$ cat run_15.cif   # mmCIF, C-alpha atoms
data_structure
loop_
_atom_site.group_PDB
_atom_site.id
_atom_site.type_symbol
_atom_site.label_atom_id
_atom_site.label_comp_id
_atom_site.auth_asym_id
_atom_site.auth_seq_id
_atom_site.Cartn_x
_atom_site.Cartn_y
_atom_site.Cartn_z
ATOM 1 C CA THR A 2 -0.436 -10.653 -19.592
ATOM 2 C CA GLY A 3 0.372 -14.278 -18.994
ATOM 3 C CA ALA A 4 -3.183 -15.037 -17.849
ATOM 4 C CA GLY A 5 -3.470 -18.294 -19.803
ATOM 5 C CA PRO A 6 -2.110 -21.767 -19.091
ATOM 6 C CA THR A 7 0.632 -21.633 -16.510
ATOM 7 C CA GLY A 8 3.098 -24.176 -17.910
ATOM 8 C CA PRO A 9 4.577 -27.480 -16.848
ATOM 9 C CA ALA A 10 4.424 -28.863 -13.336
ATOM 10 C CA GLN A 11 7.387 -31.236 -13.728
ATOM 11 C CA PRO A 12 10.632 -30.529 -11.836
ATOM 12 C CA ALA A 13 12.801 -27.833 -13.423
ATOM 13 C CA PRO A 14 16.324 -26.476 -12.876
ATOM 14 C CA ARG A 15 16.284 -23.923 -10.084
ATOM 15 C CA LEU A 16 18.155 -20.821 -8.912
ATOM 16 C CA LYS A 17 18.727 -20.864 -5.154
ATOM 17 C CA LEU A 18 17.654 -17.872 -3.037
ATOM 18 C CA ALA A 19 19.485 -17.231 0.237
ATOM 19 C CA ALA A 20 18.965 -13.998 2.205
ATOM 20 C CA PRO A 21 18.760 -13.095 5.911
ATOM 21 C CA GLN A 22 14.952 -13.150 6.094
ATOM 22 C CA VAL A 23 13.936 -15.257 3.088
ATOM 23 C CA GLU A 24 15.112 -18.450 1.434
ATOM 24 C CA GLY A 25 13.902 -20.627 -1.395
ATOM 25 C CA SER A 26 14.409 -20.882 -5.131
ATOM 26 C CA LEU A 27 13.277 -19.723 -8.556
ATOM 27 C CA SER A 28 12.301 -22.014 -11.427
ATOM 28 C CA LEU A 29 14.552 -21.548 -14.457
ATOM 29 C CA VAL A 30 11.752 -22.895 -16.642
ATOM 30 C CA GLY A 31 9.406 -19.941 -17.071
ATOM 31 C CA ALA A 32 11.470 -17.725 -14.714
ATOM 32 C CA ARG A 33 8.968 -18.059 -11.863
ATOM 33 C CA LEU A 34 9.767 -17.053 -8.287
ATOM 34 C CA ASP A 35 7.700 -19.853 -6.788
ATOM 35 C CA ASP A 36 9.466 -21.058 -3.656
ATOM 36 C CA LEU A 37 9.775 -18.529 -0.845
ATOM 37 C CA VAL A 38 10.119 -19.303 2.868
ATOM 38 C CA LEU A 39 10.075 -16.626 5.609
ATOM 39 C CA ARG A 40 12.964 -17.467 7.903
ATOM 40 C CA ASP A 41 11.713 -15.511 10.937
ATOM 41 C CA TYR A 42 8.148 -16.848 11.113
ATOM 42 C CA HIS A 43 6.650 -20.226 12.026
ATOM 43 C CA GLU A 44 3.203 -21.594 11.207
ATOM 44 C CA THR A 45 2.316 -21.824 14.904
ATOM 45 C CA ILE A 46 3.713 -20.485 18.180
ATOM 46 C CA GLU A 47 5.602 -23.751 18.663
ATOM 47 C CA PRO A 48 9.297 -23.028 17.978
ATOM 48 C CA ASN A 49 9.711 -26.324 16.113
ATOM 49 C CA SER A 50 6.736 -25.813 13.803
ATOM 50 C CA PRO A 51 7.466 -25.378 10.064
ATOM 51 C CA LEU A 52 8.544 -22.007 8.761
ATOM 52 C CA VAL A 53 5.927 -20.030 6.835
ATOM 53 C CA ARG A 54 6.087 -20.790 3.121
ATOM 54 C CA LEU A 55 4.691 -17.839 1.205
ATOM 55 C CA LEU A 56 5.200 -18.946 -2.423
ATOM 56 C CA GLU A 57 4.838 -22.475 -3.823
ATOM 57 C CA PRO A 58 5.514 -24.034 -7.260
ATOM 58 C CA LEU A 59 2.964 -25.398 -9.709
ATOM 59 C CA SER A 60 3.733 -28.957 -8.647
ATOM 60 C CA ASP A 61 2.571 -28.262 -5.071
ATOM 61 C CA PRO A 62 -1.026 -28.272 -3.785
ATOM 62 C CA LYS A 63 -1.142 -24.470 -3.391
ATOM 63 C CA PRO A 64 0.644 -22.820 -6.344
ATOM 64 C CA TYR A 65 1.480 -19.171 -5.690
ATOM 65 C CA TYR A 66 4.205 -17.381 -7.637
ATOM 66 C CA VAL A 67 5.543 -14.229 -9.310
ATOM 67 C CA GLN A 68 6.567 -13.986 -12.954
ATOM 68 C CA PHE A 69 7.960 -11.381 -15.357
ATOM 69 C CA GLY A 70 7.677 -11.377 -19.160
ATOM 70 C CA TRP A 71 6.912 -9.587 -22.413
ATOM 71 C CA SER A 72 4.104 -9.443 -24.978
ATOM 72 C CA GLU A 73 4.447 -8.406 -28.630
ATOM 73 C CA GLY A 74 3.405 -4.945 -29.723
ATOM 74 C CA ALA A 75 1.568 -4.164 -32.956
ATOM 75 C CA GLY A 76 3.700 -4.861 -36.024
ATOM 76 C CA THR A 77 6.208 -6.985 -34.086
ATOM 77 C CA HIS A 78 6.408 -10.690 -34.834
ATOM 78 C CA ALA A 79 9.083 -11.997 -32.520
ATOM 79 C CA MET A 80 9.291 -15.017 -30.302
ATOM 80 C CA VAL A 81 9.047 -13.854 -26.685
ATOM 81 C CA PRO A 82 9.724 -15.967 -23.607
ATOM 82 C CA GLY A 83 6.846 -18.071 -22.329
ATOM 83 C CA ASN A 84 5.893 -20.359 -19.475
ATOM 84 C CA ASP A 85 8.111 -23.181 -20.799
ATOM 85 C CA THR A 86 11.166 -21.058 -21.716
ATOM 86 C CA PRO A 87 14.460 -22.409 -20.316
ATOM 87 C CA TRP A 88 16.461 -19.533 -18.810
ATOM 88 C CA THR A 89 20.182 -19.506 -18.032
ATOM 89 C CA ALA A 90 21.379 -18.062 -14.702
ATOM 90 C CA SER A 91 24.662 -16.152 -14.389
ATOM 91 C CA ALA A 92 25.270 -17.580 -10.891
ATOM 92 C CA PRO A 93 23.890 -20.452 -8.771
ATOM 93 C CA VAL A 94 22.683 -18.344 -5.822
ATOM 94 C CA LEU A 95 20.742 -15.075 -5.482
ATOM 95 C CA GLY A 96 21.361 -13.100 -2.290
ATOM 96 C CA PRO A 97 22.098 -9.622 -0.922
ATOM 97 C CA ALA A 98 25.024 -8.106 -2.877
ATOM 98 C CA GLN A 99 24.762 -11.159 -5.183
ATOM 99 C CA PRO A 100 22.488 -10.182 -8.098
ATOM 100 C CA VAL A 101 21.799 -12.786 -10.764
ATOM 101 C CA THR A 102 21.007 -12.309 -14.452
ATOM 102 C CA LEU A 103 18.649 -14.717 -16.199
ATOM 103 C CA SER A 104 19.046 -14.727 -19.974
ATOM 104 C CA TRP A 105 17.413 -16.285 -23.008
ATOM 105 C CA ASN A 106 18.109 -15.778 -26.721
ATOM 106 C CA ASN A 107 15.142 -16.279 -29.023
ATOM 107 C CA GLY A 108 17.426 -17.374 -31.862
ATOM 108 C CA ASP A 109 16.275 -14.512 -34.053
ATOM 109 C CA GLY A 110 18.346 -11.601 -32.780
ATOM 110 C CA LEU A 111 16.644 -10.768 -29.478
ATOM 111 C CA THR A 112 18.221 -11.493 -26.095
ATOM 112 C CA PHE A 113 15.930 -11.238 -23.069
ATOM 113 C CA GLU A 114 17.358 -10.687 -19.593
ATOM 114 C CA ILE A 115 15.861 -10.559 -16.101
ATOM 115 C CA ILE A 116 18.280 -9.078 -13.563
ATOM 116 C CA LEU A 117 17.319 -10.011 -10.014
ATOM 117 C CA SER A 118 18.542 -8.585 -6.727
ATOM 118 C CA VAL A 119 17.266 -8.835 -3.135
ATOM 119 C CA ASP A 120 17.922 -6.821 0.024
ATOM 120 C CA ASP A 121 18.300 -8.031 3.617
ATOM 121 C CA HIS A 122 14.534 -8.118 4.154
ATOM 122 C CA TYR A 123 11.702 -8.653 1.644
ATOM 123 C CA MET A 124 12.303 -6.344 -1.309
ATOM 124 C CA PHE A 125 13.386 -7.643 -4.714
ATOM 125 C CA THR A 126 14.464 -5.418 -7.597
ATOM 126 C CA VAL A 127 13.803 -6.825 -11.066
ATOM 127 C CA GLU A 128 15.142 -5.244 -14.252
ATOM 128 C CA GLN A 129 13.736 -6.569 -17.534
ATOM 129 C CA ARG A 130 16.064 -5.941 -20.483
ATOM 130 C CA VAL A 131 15.865 -6.724 -24.185
ATOM 131 C CA LYS A 132 18.883 -6.453 -26.502
ATOM 132 C CA ASN A 133 17.900 -5.991 -30.128
ATOM 133 C CA ALA A 134 20.511 -7.369 -32.529
ATOM 134 C CA THR A 135 18.089 -7.515 -35.462
ATOM 135 C CA GLY A 136 17.984 -5.061 -38.319
ATOM 136 C CA ALA A 137 14.566 -3.685 -37.448
ATOM 137 C CA PRO A 138 12.938 -1.993 -34.446
ATOM 138 C CA VAL A 139 10.749 -4.096 -32.167
ATOM 139 C CA ALA A 140 7.834 -3.087 -29.944
ATOM 140 C CA LEU A 141 7.326 -5.030 -26.731
ATOM 141 C CA PHE A 142 5.124 -4.699 -23.658
ATOM 142 C CA PRO A 143 6.959 -5.677 -20.441
ATOM 143 C CA TRP A 144 4.646 -7.179 -17.815
ATOM 144 C CA SER A 145 4.743 -8.649 -14.343
ATOM 145 C CA ARG A 146 2.223 -10.730 -12.464
ATOM 146 C CA ILE A 147 1.413 -12.342 -9.119
ATOM 147 C CA ARG A 148 -0.570 -15.540 -9.510
ATOM 148 C CA ARG A 149 -2.370 -17.606 -6.854
ATOM 149 C CA ASP A 150 -3.907 -20.787 -8.247
ATOM 150 C CA TYR A 151 -6.165 -21.600 -5.301
ATOM 151 C CA THR A 152 -8.521 -19.888 -2.882
ATOM 152 C CA PRO A 153 -6.832 -19.634 0.528
ATOM 153 C CA GLU A 154 -8.534 -19.960 3.873
ATOM 154 C CA THR A 155 -9.160 -16.518 5.356
ATOM 155 C CA ALA A 156 -9.796 -15.344 8.890
ATOM 156 C CA GLY A 157 -13.248 -14.143 7.831
ATOM 157 C CA TYR A 158 -13.212 -10.946 9.910
ATOM 158 C CA TYR A 159 -15.183 -8.138 8.270
ATOM 159 C CA ILE A 160 -12.645 -5.652 9.675
ATOM 160 C CA LEU A 161 -9.695 -7.480 8.078
ATOM 161 C CA HIS A 162 -9.144 -7.463 4.326
ATOM 162 C CA GLU A 163 -7.573 -10.532 2.724
ATOM 163 C CA GLY A 164 -7.398 -10.782 -1.048
ATOM 164 C CA LEU A 165 -6.376 -8.500 -3.914
ATOM 165 C CA ILE A 166 -5.147 -5.075 -2.850
ATOM 166 C CA GLY A 167 -3.394 -1.961 -4.119
ATOM 167 C CA VAL A 168 -3.044 1.783 -3.888
ATOM 168 C CA LEU A 169 -3.807 3.180 -7.346
ATOM 169 C CA HIS A 170 -4.449 6.831 -8.209
ATOM 170 C CA ASP A 171 -3.687 7.473 -4.514
ATOM 171 C CA ARG A 172 -6.736 5.440 -3.466
ATOM 172 C CA LEU A 173 -6.814 2.131 -1.633
ATOM 173 C CA GLN A 174 -8.369 -0.619 -3.763
ATOM 174 C CA GLU A 175 -9.451 -3.793 -1.947
ATOM 175 C CA THR A 176 -11.133 -6.760 -3.624
ATOM 176 C CA THR A 177 -12.006 -9.941 -1.745
ATOM 177 C CA TYR A 178 -11.702 -13.341 -3.400
ATOM 178 C CA SER A 179 -15.482 -13.770 -3.593
ATOM 179 C CA SER A 180 -15.960 -10.282 -5.036
ATOM 180 C CA ALA A 181 -13.180 -10.902 -7.582
ATOM 181 C CA ARG A 182 -14.893 -14.110 -8.725
ATOM 182 C CA SER A 183 -18.354 -12.577 -9.061
ATOM 183 C CA THR A 184 -17.174 -9.426 -10.859
ATOM 184 C CA ALA A 185 -14.724 -11.246 -13.132
ATOM 185 C CA ALA A 186 -17.442 -13.692 -14.198
ATOM 186 C CA LYS A 187 -19.280 -10.756 -15.795
ATOM 187 C CA HIS A 188 -16.212 -9.095 -17.358
ATOM 188 C CA ASP A 189 -14.219 -11.822 -19.117
ATOM 189 C CA GLY A 190 -12.081 -12.657 -16.091
ATOM 190 C CA VAL A 191 -11.266 -9.073 -15.080
ATOM 191 C CA ALA A 192 -12.441 -7.904 -11.660
ATOM 192 C CA TYR A 193 -10.766 -4.480 -11.737
ATOM 193 C CA GLU A 194 -8.705 -2.527 -14.295
ATOM 194 C CA THR A 195 -7.152 0.920 -14.363
ATOM 195 C CA THR A 196 -4.353 2.772 -16.162
ATOM 196 C CA GLY A 197 -2.007 5.415 -14.815
ATOM 197 C CA ASN A 198 1.390 5.898 -13.259
ATOM 198 C CA GLY A 199 2.580 5.140 -9.762
ATOM 199 C CA GLY A 200 1.017 2.984 -7.110
ATOM 200 C CA TRP A 201 1.377 -0.669 -6.212
ATOM 201 C CA ALA A 202 -0.790 -3.802 -6.144
ATOM 202 C CA GLY A 203 -0.707 -7.410 -5.044
ATOM 203 C CA ILE A 204 -2.288 -10.092 -2.868
ATOM 204 C CA THR A 205 -2.469 -9.843 0.907
ATOM 205 C CA ASP A 206 -2.979 -12.355 3.694
ATOM 206 C CA LYS A 207 -3.534 -11.497 7.340
ATOM 207 C CA TYR A 208 0.194 -11.221 8.065
ATOM 208 C CA TRP A 209 1.889 -11.569 4.658
ATOM 209 C CA LEU A 210 1.986 -9.558 1.434
ATOM 210 C CA THR A 211 3.124 -10.138 -2.132
ATOM 211 C CA ALA A 212 3.091 -6.845 -4.068
ATOM 212 C CA LEU A 213 4.429 -5.415 -7.322
ATOM 213 C CA ILE A 214 5.686 -1.828 -7.395
ATOM 214 C CA PRO A 215 6.103 -0.636 -11.001
ATOM 215 C CA ASN A 216 8.305 2.218 -12.156
ATOM 216 C CA GLN A 217 6.435 5.149 -10.601
ATOM 217 C CA ALA A 218 7.065 7.404 -13.611
ATOM 218 C CA GLU A 219 5.754 4.963 -16.263
ATOM 219 C CA ASP A 220 2.136 4.556 -17.338
ATOM 220 C CA THR A 221 0.943 1.007 -16.705
ATOM 221 C CA THR A 222 -2.320 -0.891 -16.786
ATOM 222 C CA VAL A 223 -3.111 -2.994 -13.730
ATOM 223 C CA ASN A 224 -5.649 -5.808 -13.644
ATOM 224 C CA PHE A 225 -7.179 -7.818 -10.816
ATOM 225 C CA ARG A 226 -8.306 -11.132 -12.314
ATOM 226 C CA ALA A 227 -10.179 -14.257 -11.272
ATOM 227 C CA VAL A 228 -10.242 -17.194 -13.670
ATOM 228 C CA LYS A 229 -11.467 -20.773 -13.635
ATOM 229 C CA GLU A 230 -8.795 -23.422 -14.069
ATOM 230 C CA PRO A 231 -9.243 -27.213 -14.200
ATOM 231 C CA THR A 232 -7.818 -27.316 -10.666
ATOM 232 C CA GLY A 233 -10.164 -24.606 -9.350
ATOM 233 C CA ASP A 234 -10.265 -20.827 -9.009
ATOM 234 C CA ALA A 235 -7.134 -18.771 -9.675
ATOM 235 C CA TYR A 236 -6.388 -15.117 -8.929
ATOM 236 C CA GLN A 237 -3.936 -12.745 -10.561
ATOM 237 C CA VAL A 238 -2.688 -9.195 -10.169
ATOM 238 C CA ASP A 239 -0.688 -7.957 -13.149
ATOM 239 C CA PHE A 240 0.930 -4.819 -14.497
ATOM 240 C CA ILE A 241 1.659 -4.238 -18.173
ATOM 241 C CA ALA A 242 3.214 -1.190 -19.830
ATOM 242 C CA HIS A 243 0.491 1.047 -21.270
ATOM 243 C CA ASP A 244 2.623 1.872 -24.314
ATOM 244 C CA PRO A 245 4.984 -0.598 -25.979
ATOM 245 C CA GLU A 246 8.695 -0.200 -25.452
ATOM 246 C CA GLN A 247 10.251 0.712 -28.808
ATOM 247 C CA ILE A 248 13.707 -0.861 -29.137
ATOM 248 C CA ALA A 249 15.789 0.255 -32.103
ATOM 249 C CA PRO A 250 18.278 -2.017 -33.913
ATOM 250 C CA GLY A 251 21.418 -2.333 -31.797
ATOM 251 C CA ALA A 252 19.708 -0.803 -28.751
ATOM 252 C CA THR A 253 18.648 -2.194 -25.373
ATOM 253 C CA GLY A 254 15.309 -1.600 -23.713
ATOM 254 C CA ALA A 255 14.971 -1.808 -19.942
ATOM 255 C CA LEU A 256 12.282 -1.521 -17.268
ATOM 256 C CA THR A 257 12.670 -1.870 -13.489
ATOM 257 C CA THR A 258 9.990 -3.226 -11.139
ATOM 258 C CA ARG A 259 10.173 -3.922 -7.424
ATOM 259 C CA LEU A 260 8.609 -6.881 -5.669
ATOM 260 C CA PHE A 261 7.772 -7.096 -1.977
ATOM 261 C CA ALA A 262 7.244 -10.627 -0.673
ATOM 262 C CA GLY A 263 7.195 -11.084 3.079
ATOM 263 C CA ALA A 264 5.765 -10.089 6.435
ATOM 264 C CA LYS A 265 3.786 -6.862 6.834
ATOM 265 C CA VAL A 266 6.120 -5.270 9.382
ATOM 266 C CA VAL A 267 4.830 -1.693 9.672
ATOM 267 C CA SER A 268 8.230 -0.092 10.301
ATOM 268 C CA LEU A 269 9.618 -1.862 7.239
ATOM 269 C CA LEU A 270 6.672 -0.868 5.037
ATOM 270 C CA ASP A 271 7.169 2.746 6.182
ATOM 271 C CA ARG A 272 10.859 2.552 5.360
ATOM 272 C CA TYR A 273 10.219 1.211 1.870
ATOM 273 C CA GLU A 274 7.556 3.874 1.341
ATOM 274 C CA ARG A 275 10.110 6.606 2.085
ATOM 275 C CA GLU A 276 13.027 4.980 0.271
ATOM 276 C CA TYR A 277 11.256 4.091 -2.979
ATOM 277 C CA HIS A 278 8.463 6.709 -2.890
ATOM 278 C CA ILE A 279 5.728 4.051 -2.798
ATOM 279 C CA PRO A 280 2.388 5.765 -2.135
ATOM 280 C CA SER A 281 0.665 4.646 1.103
ATOM 281 C CA PHE A 282 2.545 1.363 1.262
ATOM 282 C CA ASP A 283 1.639 1.071 4.940
ATOM 283 C CA LYS A 284 -1.995 0.574 3.892
ATOM 284 C CA ALA A 285 -1.068 -3.008 3.097
ATOM 285 C CA VAL A 286 -1.900 -3.327 6.801
ATOM 286 C CA ASP A 287 -5.657 -3.000 7.346
ATOM 287 C CA PHE A 288 -5.856 -0.117 9.811
ATOM 288 C CA GLY A 289 -9.520 0.412 8.875
ATOM 289 C CA TRP A 290 -11.546 3.552 8.248
ATOM 290 C CA PHE A 291 -9.984 5.315 11.231
ATOM 291 C CA TYR A 292 -6.425 4.922 9.908
ATOM 292 C CA PHE A 293 -5.502 8.403 11.181
ATOM 293 C CA LEU A 294 -6.190 7.166 14.736
ATOM 294 C CA THR A 295 -5.447 3.461 14.609
ATOM 295 C CA LYS A 296 -1.961 3.663 13.093
ATOM 296 C CA PRO A 297 -0.630 6.149 15.719
ATOM 297 C CA MET A 298 -2.246 3.965 18.378
ATOM 298 C CA PHE A 299 -0.471 0.895 16.988
ATOM 299 C CA LEU A 300 2.879 2.731 16.862
ATOM 300 C CA CYS A 301 2.441 3.698 20.516
ATOM 301 C CA LEU A 302 1.603 0.121 21.519
ATOM 302 C CA ASP A 303 4.538 -1.213 19.511
ATOM 303 C CA TRP A 304 6.914 1.256 21.180
ATOM 304 C CA LEU A 305 5.673 0.244 24.623
ATOM 305 C CA TYR A 306 5.982 -3.423 23.721
ATOM 306 C CA HIS A 307 9.654 -3.011 22.770
ATOM 307 C CA LEU A 308 10.229 -1.001 25.952
ATOM 308 C CA LEU A 309 8.446 -3.414 28.316
ATOM 309 C CA GLY A 310 8.890 -6.717 26.489
ATOM 310 C CA ASN A 311 5.227 -7.689 26.910
ATOM 311 C CA PHE A 312 2.456 -6.692 24.517
ATOM 312 C CA GLY A 313 -0.264 -7.353 27.110
ATOM 313 C CA VAL A 314 1.344 -4.901 29.514
ATOM 314 C CA ALA A 315 1.734 -2.389 26.664
#
$ encode --input "run_15.cif" --output "structure tokens"
Amino acid sequence: TGAGPTGPAQPAPRLKLAAPQVEGSLSLVGARLDDLVLRDYHETIEPNSPLVRLLEPLSDPKPYYVQFGWSEGAGTHAMVPGNDTPWTASAPVLGPAQPVTLSWNNGDGLTFEIILSVDDHYMFTVEQRVKNATGAPVALFPWSRIRRDYTPETAGYYILHEGLIGVLHDRLQETTYSSARSTAAKHDGVAYETTGNGGWAGITDKYWLTALIPNQAEDTTVNFRAVKEPTGDAYQVDFIAHDPEQIAPGATGALTTRLFAGAKVVSLLDRYEREYHIPSFDKAVDFGWFYFLTKPMFLCLDWLYHLLGNFGVA
């Protein structure tokens, strides 16, 4: 699932991203979303401090990105896109009401497409399509991954989880960076693995989240990984279809995944949970063991804050 070498670090053609709450770009070599800035948040309380940069390309000191791709199924011998694949964009800018299609033809009858769209906040919709113009069926496994090629600084609070996270089989799964490294060292790079339908998983910081939400009706296998790279430790959360997608001659196969990349605003997480039927998406925020008390308490404080304009008074 794309867990090997991550591709070139040299500059590549880019697709611009411009939306109300995020901006940045996507590398057209390897189709990596690897440049994402949060327009409403600064690194410090100083109004002139830099905006928070959530995702960074391979050429930067802290690579952190999202990627979508395919692996071959049994009996299929077809060239699939890789980390160095040059994609073509249907438009120069991705934004709300401005979806963009990335396409690549393998030269042997298969056309791969990644259709990207973004809303006014932090949710991306990604449709992976394959058009089969060959004379034989093909079997492919669509996959998606979040990759962080460094160990970030964490707050270090035992009551605050930062690291790999997900809700799978209706249960919250939290794995710290240190736990991921120690467990993965004993299991060929895999710190956690499960198969089933529904759920979501990603990587969380204190205030920010990058999470993949697969098609809730499809069976997928999710892995939390920690691997050693020449540049240091790297962490990955990936989903791959449990069964290969069978694409007949002349047919098109498609799979839709959603990606959240932004601030953990509770009201927004709740809205996405209702709108897209994402199980317990609000648990991306660490409300602790007493969630049933602490979340209502937070909602009350937040309501008072908006009413009074001062969180201390609330």
$ closest_atom_pairs --input "run_15.cif" --of "region 218-299 of chain A" --to "region 136-147 of chain A" --cutoff "6 Å" --atoms "only C-alpha atoms" --output "tab-separated table"
residue	atom	partner	partner_atom	distance
A:Gln237	CA	A:Ile147	CA	5.6
A:Val238	CA	A:Ile147	CA	5.3
A:Asp239	CA	A:Arg146	CA	4.1
A:Phe240	CA	A:Ser145	CA	5.4
A:Ile241	CA	A:Trp144	CA	4.2
A:Ala242	CA	A:Phe142	CA	5.5
A:Pro245	CA	A:Phe142	CA	4.7
A:Glu246	CA	A:Leu141	CA	5.2
A:Gln247	CA	A:Ala140	CA	4.6
A:Ile248	CA	A:Val139	CA	5.3
A:Ala249	CA	A:Pro138	CA	4.3
A:Pro250	CA	A:Gly136	CA	5.4
$ resolve_selection --input "run_15.cif" --expression "the PyMOL selection byres ((chain A and resi 113) around 12)" --output "ChimeraX atom specification"
/A:32,69-71,79-83,86-89,102-112,114-116,128-134,141,143,253-256
$ atom_distance --input "run_15.cif" --atom1 "CA of Asp244 (chain A)" --atom2 "CA of Lys187 (chain A)"
26.7 Å
$ residues_near_point --input "run_15.cif" --point "(19.8, -16.9, -4.0)" --cutoff "10 Å" --atoms "all atoms listed in the file" --output "ChimeraX atom specification"
/A:15-20,23-27,92-97,99-101,117-119
$ resolve_selection --input "run_15.cif" --expression "the PyMOL selection byres ((chain A and resi 210) around 6)" --output "ChimeraX atom specification"
/A:205,209,211,262-263
$ resolve_selection --input "run_15.cif" --expression "the PyMOL selection byres ((chain A and resi 197) around 12)" --output "ChimeraX atom specification"
/A:168-171,194-196,198-201,215-224,240-244
